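Undergrad: Following this line is target.cif, made up of mmCIF, C-alpha atoms:
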```
data_target
loop_
_atom_site.label_atom_id
_atom_site.label_comp_id
_atom_site.auth_asym_id
_atom_site.auth_seq_id
_atom_site.Cartn_x
_atom_site.Cartn_y
_atom_site.Cartn_z
CA MET A 819 108.49 99.93 87.52
CA ARG A 820 106.69 102.98 86.12
CA SER A 821 108.63 102.71 82.85
CA LEU A 822 107.56 99.10 82.38
CA ALA A 823 103.99 100.06 83.24
CA HIS A 824 104.04 102.51 80.32
CA ASP A 825 105.50 99.76 78.10
CA LEU A 826 102.71 97.34 79.03
CA LEU A 827 100.04 99.95 78.41
CA SER A 828 101.51 101.03 75.06
CA LEU A 829 101.66 97.41 73.87
CA GLY A 830 98.10 96.71 74.93
CA ALA A 831 99.50 94.03 77.25
CA VAL A 832 97.49 95.66 80.05
CA PHE A 833 93.99 97.07 79.56
CA LEU A 834 92.24 99.25 82.12
CA ARG A 835 88.52 99.57 81.55
CA PRO A 836 86.83 100.79 84.73
CA ASP A 837 83.56 101.64 82.98
CA GLU A 838 83.28 98.30 81.12
CA PRO A 839 84.79 95.55 83.29
CA PHE A 840 86.22 92.38 81.75
CA THR A 841 85.10 88.93 82.86
CA TRP A 842 87.98 86.63 83.73
CA ALA A 843 87.82 82.88 83.10
CA SER A 844 87.08 82.50 86.82
CA GLY A 845 83.96 84.62 86.40
CA ILE A 846 85.44 87.58 88.29
CA ARG A 847 84.42 90.94 86.83
CA SER A 848 87.56 93.01 86.62
CA PRO A 849 88.39 96.54 85.42
CA ILE A 850 91.85 95.32 84.38
CA TYR A 851 93.05 92.63 82.00
CA CYS A 852 96.63 91.59 81.40
CA ASP A 853 98.15 89.66 78.45
CA ASN A 854 101.91 89.66 78.96
CA ARG A 855 102.42 87.30 76.02
CA LEU A 856 102.48 90.46 73.93
CA THR A 857 105.82 91.41 75.48
CA LEU A 858 107.38 88.57 73.49
CA THR A 859 106.39 90.24 70.22
CA ALA A 860 108.12 93.57 71.02
CA PRO A 861 111.92 93.02 71.11
CA ALA A 862 112.82 96.20 73.00
CA VAL A 863 110.21 95.60 75.70
CA ARG A 864 111.06 91.90 75.79
CA THR A 865 114.71 92.76 76.45
CA ARG A 866 113.75 95.06 79.34
CA VAL A 867 111.47 92.39 80.77
CA GLU A 868 114.08 89.62 80.63
CA GLU A 869 116.82 91.87 82.02
CA GLY A 870 114.45 92.86 84.80
CA LEU A 871 113.58 89.25 85.65
CA VAL A 872 117.26 88.32 85.67
CA ALA A 873 117.97 91.24 88.03
CA ILE A 874 115.19 90.04 90.37
CA ILE A 875 116.57 86.51 90.42
CA ARG A 876 120.14 87.66 91.04
CA GLU A 877 119.11 90.03 93.83
CA HIS A 878 116.39 88.07 95.61
CA TYR A 879 117.31 84.47 94.77
CA PRO A 880 121.10 84.46 94.32
CA ASP A 881 121.36 80.73 95.09
CA ALA A 882 119.05 79.70 92.23
CA GLU A 883 120.17 76.54 90.44
CA VAL A 884 117.21 75.92 88.12
CA LEU A 885 114.50 78.09 86.58
CA MET A 886 111.04 76.62 86.06
CA GLY A 887 108.48 78.37 83.88
CA THR A 888 104.75 78.13 84.37
CA SER A 889 102.77 76.62 81.53
CA THR A 890 102.36 78.22 79.14
CA ALA A 891 103.05 81.91 79.58
CA GLY A 892 106.13 81.58 81.77
CA ILE A 893 107.98 79.08 79.59
CA ALA A 894 109.53 81.50 77.10
CA HIS A 895 110.60 83.91 79.84
CA ALA A 896 112.20 81.10 81.86
CA ALA A 897 114.07 79.93 78.77
CA ILE A 898 115.39 83.39 77.93
CA CYS A 899 116.40 84.12 81.53
CA GLY A 900 118.01 80.70 81.82
CA HIS A 901 120.03 81.41 78.68
CA ILE A 902 121.19 84.80 79.97
CA MET A 903 122.13 83.37 83.37
CA GLY A 904 123.60 80.10 82.15
CA LEU A 905 121.10 78.13 84.24
CA PRO A 906 119.08 75.04 83.33
CA MET A 907 115.35 75.51 82.88
CA GLY A 908 112.24 73.49 82.56
CA TYR A 909 108.53 74.01 83.03
CA VAL A 910 105.56 72.73 84.94
CA ARG A 911 102.43 71.61 83.13
CA GLY A 912 98.96 72.45 84.36
CA SER A 913 98.44 68.68 84.70
CA GLY A 914 100.41 65.54 83.90
CA LYS A 915 100.60 64.27 80.34
CA ASP A 916 98.23 61.43 79.47
CA HIS A 917 100.91 59.61 77.44
CA GLY A 918 104.61 58.76 77.53
CA ARG A 919 106.10 59.17 81.01
CA ARG A 920 103.08 61.25 82.11
CA ASN A 921 105.35 64.03 83.31
CA ARG A 922 104.01 67.15 84.89
CA ILE A 923 107.48 68.65 85.32
CA GLU A 924 109.44 68.87 82.09
CA GLY A 925 113.23 69.13 82.25
CA ARG A 926 115.75 67.62 84.64
CA LEU A 927 115.11 68.36 88.30
CA GLU A 928 117.10 66.76 91.09
CA PRO A 929 115.76 66.52 94.66
CA GLY A 930 117.03 69.38 96.78
CA GLN A 931 117.81 71.71 93.87
CA LYS A 932 117.08 75.37 94.48
CA VAL A 933 114.39 76.50 92.05
CA VAL A 934 112.93 79.85 91.03
CA VAL A 935 109.55 79.82 89.30
CA VAL A 936 109.24 82.28 86.41
CA GLU A 937 105.67 83.50 85.95
CA ASP A 938 104.13 86.16 83.75
CA LEU A 939 101.23 87.16 86.00
CA ILE A 940 100.09 86.81 89.60
CA SER A 941 96.37 87.40 90.22
CA THR A 942 94.64 85.33 92.91
CA GLY A 943 97.78 83.23 93.33
CA GLY A 944 96.10 79.86 92.83
CA SER A 945 97.90 78.62 89.72
CA ALA A 946 101.32 79.83 90.87
CA ILE A 947 100.90 78.05 94.22
CA GLU A 948 99.91 74.83 92.40
CA VAL A 949 103.18 75.00 90.44
CA VAL A 950 105.20 75.58 93.60
CA GLU A 951 103.46 72.67 95.33
CA ALA A 952 104.17 70.35 92.38
CA LEU A 953 107.84 71.27 92.54
CA ARG A 954 107.98 70.81 96.30
CA GLU A 955 106.36 67.37 95.95
CA ALA A 956 109.13 66.50 93.48
CA GLY A 957 111.71 67.40 96.13
CA ALA A 958 112.70 70.86 94.91
CA ASN A 959 113.68 73.66 97.27
CA VAL A 960 111.54 76.44 95.81
CA LEU A 961 113.11 79.80 96.64
CA GLY A 962 110.21 81.81 95.23
CA ILE A 963 108.67 83.34 92.14
CA ALA A 964 109.94 86.03 89.77
CA SER A 965 107.03 87.50 87.81
CA ILE A 966 106.40 90.24 85.28
CA PHE A 967 103.21 91.65 86.79
CA THR A 968 101.13 91.29 89.93
CA TYR A 969 97.67 92.62 90.60
CA ASN A 970 98.60 92.66 94.32
CA LEU A 971 95.07 91.47 95.04
CA ALA A 972 94.44 91.06 98.75
CA VAL A 973 93.26 87.49 98.25
CA GLY A 974 96.38 86.64 96.24
CA LEU A 975 98.74 88.10 98.82
CA GLU A 976 96.97 86.15 101.57
CA ARG A 977 97.18 82.88 99.64
CA LEU A 978 100.88 83.31 98.86
CA ALA A 979 101.64 84.10 102.49
CA ALA A 980 99.67 81.07 103.71
CA ALA A 981 101.56 78.81 101.29
CA LYS A 982 104.88 80.42 102.30
CA VAL A 983 105.61 81.47 98.74
CA LYS A 984 107.65 84.59 98.03
CA ASN A 985 106.93 86.58 94.87
CA VAL A 986 108.84 89.53 93.44
CA SER A 987 107.34 91.31 90.42
CA LEU A 988 108.69 93.77 87.89
CA CYS A 989 105.47 95.77 87.74
CA ASP A 990 102.25 95.99 89.69
CA PHE A 991 98.67 97.20 89.70
CA GLU A 992 99.43 100.55 91.33
CA ALA A 993 102.18 101.42 88.83
CA VAL A 994 99.88 100.66 85.90
CA CYS A 995 97.06 102.74 87.38
CA GLN A 996 99.36 105.71 87.87
CA ALA A 997 100.82 105.37 84.37
CA ALA A 998 97.34 105.10 82.85
CA ALA A 999 96.24 108.27 84.67
CA GLU A 1000 99.37 110.08 83.45
CA THR A 1001 98.59 109.23 79.84
CA GLY A 1002 94.87 109.99 80.13
CA ALA A 1003 93.84 106.36 79.60
CA ILE A 1004 91.79 106.60 82.78
CA ARG A 1005 90.56 109.47 84.92
CA PRO A 1006 92.51 110.18 88.12
CA GLU A 1007 89.30 109.65 90.11
CA ASP A 1008 89.07 106.10 88.71
CA ILE A 1009 92.13 105.05 90.69
CA GLU A 1010 90.20 104.76 93.95
CA ARG A 1011 87.61 102.54 92.22
CA LEU A 1012 90.42 100.35 90.96
CA ARG A 1013 92.01 100.15 94.41
CA HIS A 1014 88.65 99.08 95.82
CA PHE A 1015 88.58 96.17 93.36
CA GLN A 1016 92.15 95.27 94.31
CA ALA A 1017 91.22 95.05 97.99
CA THR A 1018 87.82 93.37 97.65
CA LEU A 1019 87.49 91.79 94.16
CA GLU A 1020 84.18 93.64 93.87
CA PHE A 1021 83.51 95.94 90.96
#
```
With the file now loaded, output its structure as structure tokens.
TA:
Amino acid sequence: MRSLAHDLLSLGAVFLRPDEPFTWASGIRSPIYCDNRLTLTAPAVRTRVEEGLVAIIREHYPDAEVLMGTSTAGIAHAAICGHIMGLPMGYVRGSGKDHGRRNRIEGRLEPGQKVVVVEDLISTGGSAIEVVEALREAGANVLGIASIFTYNLAVGLERLAAAKVKNVSLCDFEAVCQAAAETGAIRPEDIERLRHFQATLEF
């Protein structure tokens, strides 16, 4: 986990800025911002990410029959993992199409199939839970989520637990904070400020 944290920091896929917080689309002011799409542009890191996701799926969800990516960031990772594992994949749109068959779920999915959702990032958990609920409504047996990174925000953990959704991530907030302190990207004393945000969403 610490090795991947260094990879994400070196790519600029994760930014820590405790003195100048970012504003997320939700309006939350955050000292951390994550763009895991950049892992796709770095072949060595991409390989470690996909091998890591495959290892998670094989260990935690050994009965997986189908991989479903989240739109849009999880699609490429689900496709690569599906190729490595020899499993079918598809993806779940944020909303149904307004033309054609108006699908929200793209790819073949049979009722009762055991599905793992492949996600790049877990923050407050809302979008990931929506994907899981869409798959459950379609009759899928959702085993859980395999993700690249989680903020491990208290609110996100509570929402996932309430929705009975399991998530296993390759890297997390704490690992990135420790790696950033090791490289001098942040001051060691900033870590407690970052942990406060993680627990309260206040910064």
Undergrad: Determine the nearest neighbour of Arg977 of chain A from the options A:Ile850, A:Ile874, A:Leu826, A:Ile940, counting only C-alpha atoms.
TA: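 Among the listed residues, A:Ile940 lies closest to Arg977 of chain A.
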Undergrad: Provide the atom CA of Gly900 of chain A to atom CA of Ser945 of chain A distance in Å, to one decimal place.
TA: 21.7 Å
Undergrad: Interatomic distance between atom CA of His901 of chain A and atom CA of Leu856 of chain A?
TA: 20.3 Å
Undergrad: Please report the interatomic distance between atom CA of Ser844 of chain A and atom CA of Gly912 of chain A in Å with one decimal.
TA: 15.8 Å
Undergrad: Specify as a PyMOL selection string each residue included when the PyMOL selection byres ((chain A and resi 952-962) around 8) is applied to this file.
TA: chain A and resi 879+882+910+923+927-935+948-951+963-964+983-985
Undergrad: Name the residues captured by the PyMOL selection byres ((chain A and resi 830-833) around 12) when it is applied to the shown file; answer as a count of residues only.
TA: 46
Undergrad: Using all atoms listed in the file, which residue out of A:Ile893, A:Ile846, A:Cys899, A:Ala979 lies closest to Gln1016 of chain A?
TA: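 Nearest candidate to Gln1016 of chain A out of A:Ile893, A:Ile846, A:Cys899, A:Ala979: A:Ile846.
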Undergrad: When you count all atoms listed in the file, which of these residues is closest to Gln996 of chain A: A:Ala981, A:Val867, A:Leu1012, A:Val884?
TA: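 Distance minimum relative to Gln996 of chain A lands on A:Leu1012.
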Undergrad: Which one is closest to Ala972 of chain A: A:Arg911, A:Arg1013, A:Arg876, A:Arg922? Count only C-alpha atoms.
TA: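 Among the listed residues, A:Arg1013 lies closest to Ala972 of chain A.
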Undergrad: Counting only C-alpha atoms, which of A:Glu877, A:Glu1020, A:Glu1007, A:Glu883 gets nearest to Val986 of chain A?
TA: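 Result for the nearest residue to Val986 of chain A: A:Glu877.
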